[in-house]
Structure formats: C-alpha cells, structure tokens
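These notes are about the structure you will find just below.
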Protein chains: 2
Amino acid sequence: MVKFASRMDLLTGSEIRELLKLAGKPGIISFAGGMPAMEMFPVEAMRKAANEVMDQMGAQAMQYSSTEGYLPLREIIAERMEAKQGVKTDADHILITSGSQMGLDYSARVFLDKGDVVLLEEPSYLGAINAFKACEPKFVTIPTDEDGMIIDELKKAIAENENIKFCYVIPDFQNPSGKEWSLERRKEFMEVMNENEIPVIEDNPYGELRYEGENMPALKSLDTKGLVVFLGTFSKILAPGYRLGWVCAEGEILKKYNFMAQAAALQASTEAQLVVSKFIDMFDLDEHVNTIKDCYRKRRDVMVQTMEREFPPEAKFTHPNGGLFAWVELPDYINTNEMAKICMERNVAYVPGDGFFPDEGHNNCIRLNYSCMSEEKIEKGMTILGQVMKEEIAKHKG
Amino acid sequence: MVKFASRMDLLTGSEIRELLKLAGKPGIISFAGGMPAMEMFPVEAMRKAANEVMDQMGAQAMQYSSTEGYLPLREIIAERMEAKQGVKTDADHILITSGSQMGLDYSARVFLDKGDVVLLEEPSYLGAINAFKACEPKFVTIPTDEDGMIIDELKKAIAENENIKFCYVIPDFQNPSGKEWSLERRKEFMEVMNENEIPVIEDNPYGELRYEGENMPALKSLDTKGLVVFLGTFSKILAPGYRLGWVCAEGEILKKYNFMAQAAALQASTEAQLVVSKFIDMFDLDEHVNTIKDCYRKRRDVMVQTMEREFPPEAKFTHPNGGLFAWVELPDYINTNEMAKICMERNVAYVPGDGFFPDEGHNNCIRLNYSCMSEEKIEKGMTILGQVMKEEIAKHKG
C-alpha cells in the first residue's frame, strides 16, 4: 500500500493558490494575489538583454553552472544590498536560489528537525508557514505592535521554549500586514537574538518598494554574530517569472544552505541569471524600481482613501508605507472565509486572513493587495468590499 | 548556540561538484562531468524562440504562473512521452519542476520519514542518493546484472525490510553504469512492484539518447496500478541551463507532489517554460536530438575503442548503448580516489565510483562521461588513463 511521509498530512495546498484560480476569471476585481503589475514589466529591455546574452554567451547560458550562482550576478546583489539595505557583504556570501520561496524551504531544512521551535510574527507570511510545515516544527507566534515584534513577548517565548532553531521575520512592509519595524525595535530585537544566539531569517522581498520616508537598515546590517540569513528576490523589483532570489549569510550557515541547494536543486537557471545580470548592466534597475513605486504608491493611496471613505468604523486597517499589501481586522463575529464567498458573487476577491496564522482561528482578517489592479478598479472593488462589510455587520447587529 | 537539523550531518556537498571545479581548469581533459556538449546547443534557434515569446507574450513570461506548469508545455511533454516512451498520459498528469533534481527531492519528501527504506540499484545516481539523504532514509541496494535489477535479490530485500517507501531506478542508460534494462526484466520488475504495491521512481534523463537498437517502453508504460512516478527532463535533449524537468504521476501521488512543489518552490520559471515551448513549436526537437545523438555516438565509439585498446585486462568496463556514461571496475586493490589525484597531475579527470553507492567502500570504480569532449581529446585522455591504470596495477603486483 502506498504510504506518504508524515509531513504530507500538513501540506494541503495553498488556499491562496486555489482562490487565485477563481480570482483570475475575467471580470473579477482581485485583491487576492501578491503579483507585481504586469503592465510595468520592462519587456522590451529584457528582450534586448536576452538577445545580448544569446549573441555573446548563448551556449554558456544554456549549460549547467555552479550551485552558488553566477559570479557577476552575486556581485551585483552584494553591491545592491549595501546601497539599499546598508548590508556590507560580498559575492562570496550570496547563494542564488530559484526564487525566494526556495530560500524559505532551505531555511526550514537547514535548521529544523521535527518538533523544533520556529518563532514568527503574528500574523506571518502564509508561504513561509507552508514551507516550514514541511519540516513539522512547532510554531510559536509573537504578537506585534506598530513598531514590530513586541520584545517582552519575544523574551517570554524564548524563556518558555526549548529547541528554538530560528526566528522568522519580515521587517519591511510585511506580507500580510504591510507594517514596517522601527529602527529602535530592530536594534532591540537583534540584541535579544545575539544574546540568545538564535538565527534570524530576515525575509525582505519588499524593502525597496518604499513610498514614504527613508530606507531602514536591514537586520542583516545589525548582525554582529553572523546569525542573520537575509532572503532577497528579484520578483518584486523586476519580475517573478525568472524565479531568481538569493540568500545572504555567513560561515557555516551559508555552507549548509549551499549543501542543501546542491541536494535539492543543483542550481538556479543559468539563463535567467545571465539575462537578469545583463539587464542590470544595460539598463537602470533603480529607475525601473522608481517607476514601479510611483505606480504602486498611487494605487495604495486609492486603496487607503477608499477604505477610509467606504469601510465601516468597525474595520481596522493598516496604512502601509511600502510593499504590496494592506491588512484589515474586522470584529470577531465576522468570518472572512464566509464573506469571501459573498464578495466573489459580487466579483471581488481577497485572501482571508486565517492562512497567515499557523494555528486555528483568526477568521476575522483580510489581506488586500493593491499592486496589480488599476486605480479605478481598486476604488470600485474596495467600495463593494466596504458595502459587503457593512451588510455583514448589520446582519449581526440584527 | 546555532544548531542545524540532523539531516545536515549527511549532506556534505557533492564530491563531483568539488572535482568539477578542478576539472574545469584549462588544459584538463575531463571525463568527470555529466554535461551535454555546449557546442551542440541550438543557440540561434533558442534566441529566435525567446524573441517570439518576448514579442508575443513578454509580460506573461515575466509573471508568476501556476505550480503545475504552463499548459502548452505540459501538452507537449505528454505527447512526447507517448511517442518516445510509450506512456499514454495527458497534460493533467504532468507537473513541471525546476530541473529533474527537484523531482528527486520531491520524491524523497513526499514519501520518506526518517528511517524509511529506499530500494535502489547498485550502483545508483549520486545526485539522487544525495537528494534522498536529506530525508534520512535507510538505503537498501539491489545488485544488478546485464538486464537490470536482479529480481530474486529484489524479492529478498522486500521480504527482509519493512517500511519500504519506494524503489528508485534508472532503466535507460543508467548514470553511472550506462546500462539499460531488458524488456523482460522491466516486466518482471513491474510485476513485483504491483504485487507489493511499492511506488517506483523511474528516472529517465537519457532514454532518448539511444545509439543502438529500438526504444524500450518506460516502466511507466507498464504501470497498471498508478505506482510509477516518471521523472523527465529537457537537460539532456535540449539544455540544462533553463532548469526544466517534469514529473508524470497519477492520482493522490501527483497531488502530493504538487503540494510539495507549492511549499518548496511555488513554480518553475515561467519564462523558461514559454521559451522552451516556443522552441518546440518553431523548430524540430527530434531533429536536434538526432544531431546530438550522432555526435555522442561517435564519442562513445572512440571512448569504447580506446578502452579496448589501452586499458589493462584487469579493467572491466561497460559498452553503453546510449546516454552519457561508461563505468569501469578495477581490481579491489586499486583505490580510484587516490588514482584520481595521479590522473589530475596528468591533466585527466574522472569521478571516482564510491559516491554512487550509499554505503562505504566501493573504491575500485570509475564513472566516465563522453558527451562533452572532442573525439581527439577522448582518445588522448583515455590513453593516459589506461597508462595510469597499468602503472598502478604494476605497482601492486610489485
């Protein structure tokens, strides 16, 4: 009889991916995805870069290459990490992955035996929770406030749990909440991590997509003991279709990630690495990021303004300073999974919030994406969503 | 203190990859890799295909896409599997992976809890052993003869072991041995697997690279109970740099692979999938495969002829009918790890055979690759290798 591994009992497919199938139908206004705006992709520039690669080094692009990744791309990434996140590093500390999801997967597998403890923000990224689940850990969530993870709660969790293998955080415009950690909180957090020698998985897909204020230093830039594993990606600043992300880490930890990558995947796409490197050589990625930011900033503004105008006073929502997401908390008596069906009937889709918590419950939250809908559709869809919320609240109040 | 998962004690990096770093130095004649011939890549055709994609559907190529993979590519693969391997299937039974290595990785993770048993040929593919190790199984190797796995030994292993989760085999021009299974053996094998309901991981990267005789039906074509998971790849028939492989499986098994892929990687590169699909639409992949086969057949001929002429009588070697590898067994008193250093001093590289066995020992074997060296270099390198063998044997005989 065919028997599967016990981890497979925990992996039942992403609800987001199922929902996205419905949300992709024509006529649906979808706040459900986490996709970049397709119309902003630099298609013509990438075509030119691809032609340059095929003309100059086509056979190399089609051949196997090293597990750690294409050296010129690792150099570009190292420079960029210093410029954007204040992380002093070099190509030798970068491992290219087939998208940042693989960085999450490797993180789980490098550190976690069954039953080991993972600390993470409450809520946290659904895709990370799913990747970690494959190693059957115990999840311990730490409450957050406007400045990030609450340090006293973190200390309490550390005191109460053994076998803590790492703490997973998204300090810059978190998925799903859109929040960013304050500088002070980053420092306090790293003090606690250093003191307890707990590895930190710092997931940073959105750090460059800031619409207000100055860039914050990454936790990795405050890492004095080589404990922080920084996960970066080209998915949100360039395009996700090439599946290119990276790990920045130190010493023995990086070595383990490299061994894991060899066993699991051999290497990321040579062709994608060469084409993206060439694009960055030939064109101005910063300028491209600025163009995206201008677009997303406007969409965020429309979303926030419409929430302020159309949502009932019972709905609490974040005002993200960057990234792709806003987060809504409704009264406990609203079940956002049920409400999603009502919204879908009115051609509006979102992701219910419960998937962003490793435990049961939390059925009163919503994640909203604003990056891949026009301003007009955002206004229309959010108005409908506000209307449904009001109706649901009115039903309860009877 | 930083503590890693117990699996990391088993993953220490591939010796092949370390050796390949040395073997890549200028002037080295290397039989160590498993790489396709770079000069055979259809660079100009792929450039055209990439341009078509970027012109017609550039933004789509750069966006996220589904976990299961791009439908037209899955349709192409399903048709190809029927034409080449006699497997009747359809797009719904195909999952695209970022290279076949990920199919191996998923196989381990879908089926294996720590301590579960994996059956495999002796010797078997080093990269598969490494991928499986990440799930800490018990390996049980089954001796092989000229027709494939020895059925009585297989039955004995099944009788003696509990918790057998799958049997991993490479029936077509195996890596490392170059052997292919006879039709009769394939049928007997599938009877045993069906009777015992043991899943089969059929790894088939080389099936289309046949230099003699008629194509053999895949085990998957003899699969009456949905037990066979077929792993295919574009790496050897087109190019490895795009990282495109696939899983062909049934029902609940395929579903689990899909869940695993969602958790581990989200999806394979959209761009690579679209470009390879377009290449197959625009050009004749079969014709390309024929061109490669003509080249590799000649290189194999030179390798086998030079072995026959230059190797000492103590060296036993395979005469592969396809694929990329030949396998040499030397007397027990020769340590091929030590001999590799001597050969390297004379600018010849190969992979010592011990890595192709999950247990210790087996230090008297060599894997030789003939796909990525010119005929001239093969003759020269094999002559040097034969000379070193003779010297080492003479030393022993004193």
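Note on naming: chains are A, B, ... as they come in the structure tokens, residues start from 1 per chain, ligands start from 1 in the order shown.
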
Long-range neighbours of B:Ile164 as number ranges by chain, 12 Å cut-off, only C-alpha atoms, 2 positions minimum in chain: A: 1-5; B: 111-120, 137-140, 154, 157-162, 166-168, 193, 196-200

Non-local contacts of A:Asn130 (12 Å; only C-alpha atoms; under 3 positions in same chain excluded) as a VMD selection string: (chain A and resid 7 to 16 101 to 102 104 to 105 108 124 to 127 133 to 137 139 355 to 358) or (chain B and resid 259 to 266)

Write the residues of the selection above to a file with N, CA and C atoms, as a compact mmCIF listing (two decimals), in the first residue's frame.
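Written out: selection-v3.txt:
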# COMPACT_ATOMS: atom_id res chain seq x y z
N ARG A 7 4.93 14.43 6.92
CA ARG A 7 4.84 15.87 6.59
C ARG A 7 3.71 16.16 5.62
N MET A 8 3.37 15.16 4.79
CA MET A 8 2.36 15.41 3.76
C MET A 8 0.96 15.59 4.36
N ASP A 9 0.77 15.15 5.61
CA ASP A 9 -0.51 15.41 6.27
C ASP A 9 -0.70 16.91 6.51
N LEU A 10 0.40 17.63 6.59
CA LEU A 10 0.33 19.07 6.90
C LEU A 10 0.26 19.94 5.66
N LEU A 11 0.68 19.37 4.51
CA LEU A 11 0.72 20.16 3.28
C LEU A 11 -0.51 19.86 2.45
N THR A 12 -1.42 20.79 2.44
CA THR A 12 -2.69 20.53 1.76
C THR A 12 -2.95 21.55 0.67
N GLY A 13 -1.88 22.20 0.24
CA GLY A 13 -2.05 23.17 -0.84
C GLY A 13 -2.44 24.52 -0.30
N SER A 14 -1.99 25.56 -0.98
CA SER A 14 -2.23 26.91 -0.52
C SER A 14 -3.65 27.34 -0.89
N GLU A 15 -4.37 27.86 0.11
CA GLU A 15 -5.70 28.39 -0.18
C GLU A 15 -5.62 29.56 -1.15
N ILE A 16 -4.52 30.33 -1.01
CA ILE A 16 -4.36 31.46 -1.93
C ILE A 16 -4.34 30.96 -3.36
N GLN A 101 11.17 31.62 -2.41
CA GLN A 101 10.47 30.51 -1.77
C GLN A 101 11.46 29.38 -1.45
N MET A 102 12.42 29.18 -2.35
CA MET A 102 13.41 28.13 -2.08
C MET A 102 14.32 28.52 -0.93
N LEU A 104 13.24 30.06 1.67
CA LEU A 104 12.41 29.70 2.82
C LEU A 104 12.48 28.20 3.07
N ASP A 105 12.35 27.45 1.97
CA ASP A 105 12.41 25.99 2.06
C ASP A 105 13.75 25.53 2.62
N ALA A 108 14.08 26.13 6.40
CA ALA A 108 13.44 25.09 7.20
C ALA A 108 14.33 23.86 7.27
N SER A 124 1.97 36.10 9.99
CA SER A 124 3.19 35.98 9.20
C SER A 124 2.84 35.48 7.79
N TYR A 125 3.86 35.40 6.94
CA TYR A 125 3.63 35.06 5.55
C TYR A 125 3.20 33.60 5.39
N LEU A 126 2.06 33.44 4.77
CA LEU A 126 1.48 32.12 4.52
C LEU A 126 2.43 31.17 3.79
N GLY A 127 3.14 31.67 2.80
CA GLY A 127 4.06 30.83 2.02
C GLY A 127 5.23 30.33 2.86
N LYS A 133 6.27 24.15 7.41
CA LYS A 133 5.46 22.99 7.79
C LYS A 133 6.04 21.67 7.27
N ALA A 134 6.69 21.73 6.12
CA ALA A 134 7.27 20.52 5.52
C ALA A 134 8.32 19.89 6.44
N CYS A 135 8.79 20.65 7.44
CA CYS A 135 9.73 20.07 8.41
C CYS A 135 9.07 19.83 9.77
N GLU A 136 7.76 19.98 9.82
CA GLU A 136 6.97 19.63 11.01
C GLU A 136 7.46 20.28 12.31
N PRO A 137 7.67 21.60 12.30
CA PRO A 137 8.11 22.26 13.53
C PRO A 137 6.93 22.60 14.43
N PHE A 139 5.23 25.90 15.88
CA PHE A 139 5.24 27.35 15.63
C PHE A 139 4.88 28.09 16.91
N GLY A 355 -5.08 32.04 7.00
CA GLY A 355 -3.92 31.31 6.50
C GLY A 355 -2.59 31.89 6.95
N PHE A 356 -2.63 33.12 7.46
CA PHE A 356 -1.38 33.79 7.85
C PHE A 356 -1.03 33.55 9.31
N PHE A 357 -1.78 32.63 9.92
CA PHE A 357 -1.51 32.22 11.30
C PHE A 357 -1.31 30.71 11.29
N PRO A 358 -0.28 30.21 11.96
CA PRO A 358 -0.08 28.76 11.92
C PRO A 358 -1.12 27.98 12.72
N PHE B 259 1.51 19.55 -3.97
CA PHE B 259 1.53 20.24 -2.68
C PHE B 259 2.97 20.52 -2.25
N MET B 260 3.83 19.52 -2.48
CA MET B 260 5.23 19.68 -2.10
C MET B 260 5.87 20.82 -2.91
N ALA B 261 5.56 20.85 -4.21
CA ALA B 261 6.12 21.89 -5.08
C ALA B 261 5.63 23.28 -4.65
N GLN B 262 4.36 23.38 -4.28
CA GLN B 262 3.84 24.66 -3.79
C GLN B 262 4.62 25.13 -2.58
N ALA B 263 4.86 24.23 -1.65
CA ALA B 263 5.55 24.59 -0.41
C ALA B 263 7.01 24.92 -0.65
N ALA B 264 7.65 24.19 -1.56
CA ALA B 264 9.10 24.29 -1.71
C ALA B 264 9.53 25.37 -2.70
N ALA B 265 8.76 25.58 -3.77
CA ALA B 265 9.30 26.41 -4.85
C ALA B 265 8.25 27.27 -5.54
N LEU B 266 6.99 27.09 -5.24
CA LEU B 266 5.86 27.75 -5.92
C LEU B 266 5.68 27.26 -7.34

Which of stretch 178-345 of chain B DSSP labels strand (DSSP E or B), written as JSON, numbers by chain: {"B": [200, 201, 202, 203, 210, 228, 229, 230, 231, 232, 233, 245, 246, 247, 248, 316, 317, 322, 325, 326, 327, 328, 329]}

Once you have the residues from the selection above, write them out as a PDB file, in the first residue's frame, restricted to N, CA and C atoms.
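Written output follows (part.pdb):
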ATOM      1  N   VAL B 200       7.304   3.332  -7.567  1.00  0.00           N
ATOM      2  CA  VAL B 200       8.552   3.292  -8.330  1.00  0.00           C
ATOM      3  C   VAL B 200       8.895   4.715  -8.776  1.00  0.00           C
ATOM      4  N   ILE B 201      10.107   5.154  -8.485  1.00  0.00           N
ATOM      5  CA  ILE B 201      10.577   6.415  -9.057  1.00  0.00           C
ATOM      6  C   ILE B 201      11.437   6.038 -10.252  1.00  0.00           C
ATOM      7  N   GLU B 202      10.903   6.288 -11.461  1.00  0.00           N
ATOM      8  CA  GLU B 202      11.622   5.960 -12.700  1.00  0.00           C
ATOM      9  C   GLU B 202      12.280   7.232 -13.224  1.00  0.00           C
ATOM     10  N   ASP B 203      13.584   7.289 -13.092  1.00  0.00           N
ATOM     11  CA  ASP B 203      14.343   8.473 -13.506  1.00  0.00           C
ATOM     12  C   ASP B 203      14.808   8.248 -14.938  1.00  0.00           C
ATOM     13  N   ARG B 210      19.612   7.226 -27.462  1.00  0.00           N
ATOM     14  CA  ARG B 210      19.925   5.830 -27.786  1.00  0.00           C
ATOM     15  C   ARG B 210      20.746   5.776 -29.076  1.00  0.00           C
ATOM     16  N   VAL B 228       3.941   4.211 -10.658  1.00  0.00           N
ATOM     17  CA  VAL B 228       5.207   4.717 -11.196  1.00  0.00           C
ATOM     18  C   VAL B 228       5.187   6.245 -11.312  1.00  0.00           C
ATOM     19  N   VAL B 229       6.183   6.853 -10.731  1.00  0.00           N
ATOM     20  CA  VAL B 229       6.426   8.285 -10.886  1.00  0.00           C
ATOM     21  C   VAL B 229       7.575   8.424 -11.879  1.00  0.00           C
ATOM     22  N   PHE B 230       7.270   8.980 -13.059  1.00  0.00           N
ATOM     23  CA  PHE B 230       8.279   9.134 -14.106  1.00  0.00           C
ATOM     24  C   PHE B 230       8.884  10.525 -14.001  1.00  0.00           C
ATOM     25  N   LEU B 231      10.215  10.590 -13.954  1.00  0.00           N
ATOM     26  CA  LEU B 231      10.895  11.883 -13.931  1.00  0.00           C
ATOM     27  C   LEU B 231      11.584  12.116 -15.275  1.00  0.00           C
ATOM     28  N   GLY B 232      11.194  13.184 -15.947  1.00  0.00           N
ATOM     29  CA  GLY B 232      11.804  13.536 -17.223  1.00  0.00           C
ATOM     30  C   GLY B 232      12.482  14.887 -17.152  1.00  0.00           C
ATOM     31  N   THR B 233      13.241  15.223 -18.181  1.00  0.00           N
ATOM     32  CA  THR B 233      13.987  16.492 -18.171  1.00  0.00           C
ATOM     33  C   THR B 233      14.340  16.947 -19.585  1.00  0.00           C
ATOM     34  N   GLY B 245      12.425  20.285 -15.818  1.00  0.00           N
ATOM     35  CA  GLY B 245      12.156  18.861 -15.775  1.00  0.00           C
ATOM     36  C   GLY B 245      10.677  18.656 -15.522  1.00  0.00           C
ATOM     37  N   TRP B 246      10.258  17.396 -15.401  1.00  0.00           N
ATOM     38  CA  TRP B 246       8.853  17.154 -15.101  1.00  0.00           C
ATOM     39  C   TRP B 246       8.661  15.838 -14.354  1.00  0.00           C
ATOM     40  N   VAL B 247       7.500  15.777 -13.691  1.00  0.00           N
ATOM     41  CA  VAL B 247       7.032  14.582 -13.014  1.00  0.00           C
ATOM     42  C   VAL B 247       5.783  14.131 -13.750  1.00  0.00           C
ATOM     43  N   CYS B 248       5.689  12.834 -14.070  1.00  0.00           N
ATOM     44  CA  CYS B 248       4.439  12.286 -14.607  1.00  0.00           C
ATOM     45  C   CYS B 248       3.964  11.233 -13.612  1.00  0.00           C
ATOM     46  N   LYS B 316      37.433  -3.821 -16.113  1.00  0.00           N
ATOM     47  CA  LYS B 316      36.195  -4.233 -16.775  1.00  0.00           C
ATOM     48  C   LYS B 316      35.347  -2.990 -17.013  1.00  0.00           C
ATOM     49  N   PHE B 317      34.794  -2.866 -18.225  1.00  0.00           N
ATOM     50  CA  PHE B 317      34.020  -1.639 -18.497  1.00  0.00           C
ATOM     51  C   PHE B 317      32.761  -1.951 -19.292  1.00  0.00           C
ATOM     52  N   GLY B 322      23.602   3.889 -25.029  1.00  0.00           N
ATOM     53  CA  GLY B 322      23.015   5.220 -25.034  1.00  0.00           C
ATOM     54  C   GLY B 322      23.469   5.990 -23.812  1.00  0.00           C
ATOM     55  N   PHE B 325      27.368   7.947 -20.181  1.00  0.00           N
ATOM     56  CA  PHE B 325      28.382   7.418 -19.277  1.00  0.00           C
ATOM     57  C   PHE B 325      28.802   5.983 -19.570  1.00  0.00           C
ATOM     58  N   ALA B 326      30.074   5.722 -19.265  1.00  0.00           N
ATOM     59  CA  ALA B 326      30.566   4.350 -19.169  1.00  0.00           C
ATOM     60  C   ALA B 326      31.096   4.153 -17.750  1.00  0.00           C
ATOM     61  N   TRP B 327      31.214   2.908 -17.348  1.00  0.00           N
ATOM     62  CA  TRP B 327      31.542   2.562 -15.958  1.00  0.00           C
ATOM     63  C   TRP B 327      32.666   1.549 -15.971  1.00  0.00           C
ATOM     64  N   VAL B 328      33.657   1.774 -15.156  1.00  0.00           N
ATOM     65  CA  VAL B 328      34.831   0.908 -15.132  1.00  0.00           C
ATOM     66  C   VAL B 328      34.994   0.305 -13.739  1.00  0.00           C
ATOM     67  N   GLU B 329      35.219  -0.998 -13.692  1.00  0.00           N
ATOM     68  CA  GLU B 329      35.556  -1.636 -12.420  1.00  0.00           C
ATOM     69  C   GLU B 329      36.977  -2.152 -12.479  1.00  0.00           C
TER      70      GLU B 329
END

DSSP helix (DSSP H, G or I) residues within stretch 39-287 of chain B, as an MDAnalysis selection string: chainID B and resid 39:40 43:62 71:85 91:93 100:111 126:133 151:160 183:196 219:222 240:242 251:264 270:282 285:287

Spatial neighbours of A:Arg186, max dist 8 Å, only C-alpha atoms, sep filter under 4 positions, as a PyMOL selection string: chain A and resi 148+181-182+190+219
